[in-house]
Each structure stands twice: as structure tokens, then as C-alpha cells.
Amino acid sequence: MIAIAAASIVLPHRQTGAATLLIAHGRIVDILEGQPVPSGAAVHALHDCLLAPGFIDVHVHGMQGADVLNGADALQHVAAALPHSGVTAFCPTSVACAPGVLQSLLEDVRLARRRPQLGAARVLPAHLESNFINPVWNGAQPAACLRLPPSPHAVASGPGDYSGDDVLRIIEAHHDAVAIVTVAPELPGGLALVQQLRDLGIIVSIGHSGATFDEACRAIDAGVTHATHLFNRMTPLTHRDPGVVGAVLASPQVRAEILADGHHVHPAVMRVAIAAKGIAGIMAITDGTAGSGLPVGTQTTLGGQRVTVTDRWAALDDGTLAGSVSTMEQVWNVLTGPVGLSPVDAARACATTPAEQLRLAEQGRLVPGALADIVALGPDGRVRQTWVDGVAALAPPDRA
């Protein structure tokens, strides 16, 4: 049995004072407040730390020079690196890519899920920022890989001569390795695609979309329950034309990702979104790329495209924003700092709501019986230690 003694523990609805969390066989056994630690327990003394549920990032492309589209070794590198920023589970996230590249990613995800690395973040089914997005709102998504949703009249187009149907066949054949697919439902055949993906048990997300408010509402009625990086690369909210943002904020069926690095969405706007949807409707993400954790000026790749790390985000050579360079540690500190959330609400956004969205009943909360996926944060908001399945992932040397 392991006992972690901390200054405070974040429970689902409250924050304790000094308390001890007990772990055995990879699960939380008990949370002791003012009770003695059982004899024989191995005690980890973190008396100045706060314990929170391990972070779950549903949107991460890479980290520390590795892009999840670059093969099994890259995926393993990302999984091993993420616990150092408090992440205990993540959805490897693609950009639009050719069917062969997509198939390789999903096969890598399957293998990583069957053979998890000790002390690495759990590899969850993938999030596909898919081929089925609006080319006008593509952002850093490779335009040459975009296709219309399958239809009886769809034809192959673009380099590689493949159609949307070819992409969908890969998704169907590997649907157990897919958690989320981002689509622009206003495209021809978009609503039918939403229904097809929903019937496969996949969470359908609206994103990279030029839909009107009414089109977005129809997509929600068809089965959209997720929004990809709310406010970014979608029709904005105005008082006469609410757009995709308005439809998402108004719908209780949709949980929304917020890229909470403090740059992509202003903290005041985050507060507005949280007020509109409630904290249970918000999932904090990094949209992290291979540039996350690397020095400013470093060049790396996103889906084969060269990107450069800036002091705010990753950028393509033409200056287009290409995801973030943040970590979930930084996201936590934005939420509990400029956004003004309590640790309880920040844990909701960083762990509990993502777990609920992905139907992970045993993750995202520090309660007896749950998996022992835990992050310890020091008074400075920096990650001191992370446990995945009760196994400690070593902190970086400068934090030991």
C-alpha cells in the first residue's frame, strides 16, 4: 500500500485540508482526513502539494519533438513525456492525412493500448481532426488532404487520388481505436456522416467549420456532442448571427474543448464560455504539438508540415497558427490564475469532464475505487509528481 500525504486533495465537490491518499493495486483505496496511516504503508511525503486527478487531454498532436503521426516510436515518446506535465491519459490527435498515414496511426494506437508503457500516460482512442473539414476554415490542416464526406457521387480528388469514402473505410475498420472525429457538418453529405460516425460509437465534434447557427443546430440534432477548440477556426458569435460558437454555447448536449493556453482564447472569453455552459460542459485542452516543451525558435513538424515554436504558439512558415506549444501544467495555471477557477473547477475541466465525455468511468476523479491516476502540484503550480495506475512517473531533473 502507498500513502501520499499532501497539503490538500481535490475531491469531486470540495478540496480537503491536509489529507492522505491511500493506493493499493493501482487503485485509490481511501482518503484519510485526520486519521492515522495504516502501518506498513509506504509514505510519500508531499506536505506542501495539492493532489488532483491526473489530467486527461483529449486533443494533443505531439510533444517534445514527436508528432503522433510519425510512427509508433513517436507515439510512445509522447506518452512517456506527458506525465511530466501532469497528463495521465490522452487522445493522440491527427491532422488531415492520407488514408495510409491514418491507418498507421490507428494501428499504432491499438498496439499502444494493448501494450501500455509503465509510468507513461494512458493512450486513449484517437481524436481525428479529420479530412472532412471546411477548406475555408482549415487553419493549419493540410488543404491537399481535405475531402468531401462520402456520397454516391463522391469522386477521388487531389494528390494521392483518394476519396472521402477511402478515408471513411479506414475509420470504420479501426473504429475501436477512434474516440472523436472532427467534421464540418455543413459540407455536402456532412449530416449523413455525423450519423454514420455516431452509429459506430464515435463522438462527433464540430470544428474547422463555416456552418451557420441553423446548420450547426441541425448537426447537433443529428448527433454532434463535442466541439473542437471552441472559438478557434469556426464561425464566431455575434448578436445577430450566433454562428457555430453560439450553437455550441446554447446546446446542453455539446461539451466544448477550450484551448486554455492564455493565447488562443482570452481568459475573459473563457469565463464567458464557462458561465454559459457550466464547468461540466468544458474540457480544457492543450492542442499541443511536437513543439510543446521546446525552446522558442525550434523547428519541428505537424503532419509533415514544418512549424516553428514561438513564445505563444506553433506557426507554419506563412505565419498560420498551427496548434499550441503549451502543456497541461500551463493550462492548469491559466485556469487557476487569470481565469480564476478554484482547484475543484479546474480539475473538473482538466480531468473529470474529459473522462465523462470519453465514458471513462474509473478515471478523472479522486474517489475510492477509481484508478490511481494522480498529479501532485507544488505551491508554484508546477508538477512535482504524477502517478499512472499507481506507478510513479519520474519528474524531470529540475523538479526533483
# chains A, B, ... in the order shown; residues from 1 in each chain; ligands from 1
>>> residues_around(residues="segment 307-317 of chain A", least_positions_apart="3", cutoff="12 Å", atoms="only C-alpha atoms", output="number ranges by chain")
A: 61-65, 67, 139-142, 259-265, 286-304, 320-327, 330
>>> residues_around(residues="Thr336 of chain A", least_positions_apart="5", cutoff="9 Å", atoms="only C-alpha atoms", output="JSON, numbers by chain")
{"A": [331, 341, 342, 343, 345, 346]}
>>> write_last_selection(atoms="C-alpha atoms", output="PDB file, in the first residue's frame")
ATOM      1  CA  VAL A 331      -3.283  25.126 -18.792  1.00  0.00           C
ATOM      2  CA  LEU A 341     -11.196  28.911 -11.282  1.00  0.00           C
ATOM      3  CA  SER A 342     -10.944  27.078  -7.997  1.00  0.00           C
ATOM      4  CA  PRO A 343      -8.842  23.901  -7.980  1.00  0.00           C
ATOM      5  CA  ASP A 345     -13.420  23.528 -11.016  1.00  0.00           C
ATOM      6  CA  ALA A 346     -10.024  23.398 -12.733  1.00  0.00           C
TER       7      ALA A 346
END
>>> residues_around(residues="Val269 of chain A", least_positions_apart="6", cutoff="10 Å", atoms="only C-alpha atoms", output="MDAnalysis selection string")
chainID A and resid 231 275 339
>>> write_last_selection(atoms="N, CA and C atoms", output="PDB file, in the first residue's frame")
ATOM      1  N   PHE A 231     -14.212  28.521 -30.393  1.00  0.00           N
ATOM      2  CA  PHE A 231     -13.833  29.872 -30.814  1.00  0.00           C
ATOM      3  C   PHE A 231     -12.775  29.868 -31.922  1.00  0.00           C
ATOM      4  N   ALA A 275     -19.426  30.332 -17.968  1.00  0.00           N
ATOM      5  CA  ALA A 275     -20.702  30.822 -17.437  1.00  0.00           C
ATOM      6  C   ALA A 275     -21.871  30.327 -18.272  1.00  0.00           C
ATOM      7  N   VAL A 339      -7.989  32.960 -15.334  1.00  0.00           N
ATOM      8  CA  VAL A 339      -9.415  32.632 -15.486  1.00  0.00           C
ATOM      9  C   VAL A 339     -10.129  32.662 -14.138  1.00  0.00           C
TER      10      VAL A 339
END
>>> residues_around(residues="Val367 of chain A", least_positions_apart="4", cutoff="8 Å", atoms="only C-alpha atoms", output="list in words")
Leu11, Pro12, Ile28, Asp30 and Ile31 of chain A
>>> select_by_dssp(residues="segment 299-396 of chain A", states="strand (DSSP E)", output="VMD selection string")
chain A and resid 299 to 302 305 to 309 314 to 316 374 to 377 383 to 388 391 to 393
>>> select_by_dssp(residues="segment 12-109 of chain A", states="alpha helix (DSSP H)", output="list of chain:residue names")
A:Ala72, A:Asp73, A:Ala74, A:Leu75, A:Gln76, A:His77, A:Val78, A:Ala79, A:Ala80, A:Ala81, A:Pro99, A:Gly100, A:Val101, A:Leu102, A:Gln103, A:Ser104, A:Leu105, A:Leu106, A:Glu107, A:Asp108, A:Val109
>>> residues_around(residues="Val254 of chain A", least_positions_apart="4", cutoff="9 Å", atoms="only C-alpha atoms", output="number ranges by chain")
A: 205, 220, 224-227, 248-250, 277, 281
>>> closest_atom_pairs(of="segment 101-139 of chain A", to="segment 171-186 of chain A", cutoff="9 Å", atoms="only C-alpha atoms", output="JSON lines")
{"residue": "A:Leu102", "atom": "CA", "partner": "A:Ile171", "partner_atom": "CA", "distance": 8.4}
{"residue": "A:Gln103", "atom": "CA", "partner": "A:His174", "partner_atom": "CA", "distance": 7.8}
{"residue": "A:Leu106", "atom": "CA", "partner": "A:Ala177", "partner_atom": "CA", "distance": 5.8}
{"residue": "A:Glu107", "atom": "CA", "partner": "A:His174", "partner_atom": "CA", "distance": 7.8}
{"residue": "A:Val109", "atom": "CA", "partner": "A:Ala177", "partner_atom": "CA", "distance": 6.4}
{"residue": "A:Arg110", "atom": "CA", "partner": "A:Ala177", "partner_atom": "CA", "distance": 5.9}
{"residue": "A:Arg113", "atom": "CA", "partner": "A:Ala177", "partner_atom": "CA", "distance": 8.8}
{"residue": "A:Leu124", "atom": "CA", "partner": "A:Ala179", "partner_atom": "CA", "distance": 7.7}
{"residue": "A:Pro125", "atom": "CA", "partner": "A:Ala177", "partner_atom": "CA", "distance": 4.5}
{"residue": "A:Ala126", "atom": "CA", "partner": "A:Val178", "partner_atom": "CA", "distance": 4.6}
{"residue": "A:His127", "atom": "CA", "partner": "A:Ile180", "partner_atom": "CA", "distance": 4.5}
{"residue": "A:Leu128", "atom": "CA", "partner": "A:Val181", "partner_atom": "CA", "distance": 4.7}
{"residue": "A:Glu129", "atom": "CA", "partner": "A:Thr182", "partner_atom": "CA", "distance": 4.9}
{"residue": "A:Ser130", "atom": "CA", "partner": "A:Thr182", "partner_atom": "CA", "distance": 5.7}
{"residue": "A:Asn131", "atom": "CA", "partner": "A:Val183", "partner_atom": "CA", "distance": 7.9}
{"residue": "A:Phe132", "atom": "CA", "partner": "A:Val183", "partner_atom": "CA", "distance": 5.2}
{"residue": "A:Ile133", "atom": "CA", "partner": "A:Ala184", "partner_atom": "CA", "distance": 4.6}
{"residue": "A:Asn134", "atom": "CA", "partner": "A:Ala184", "partner_atom": "CA", "distance": 5.7}
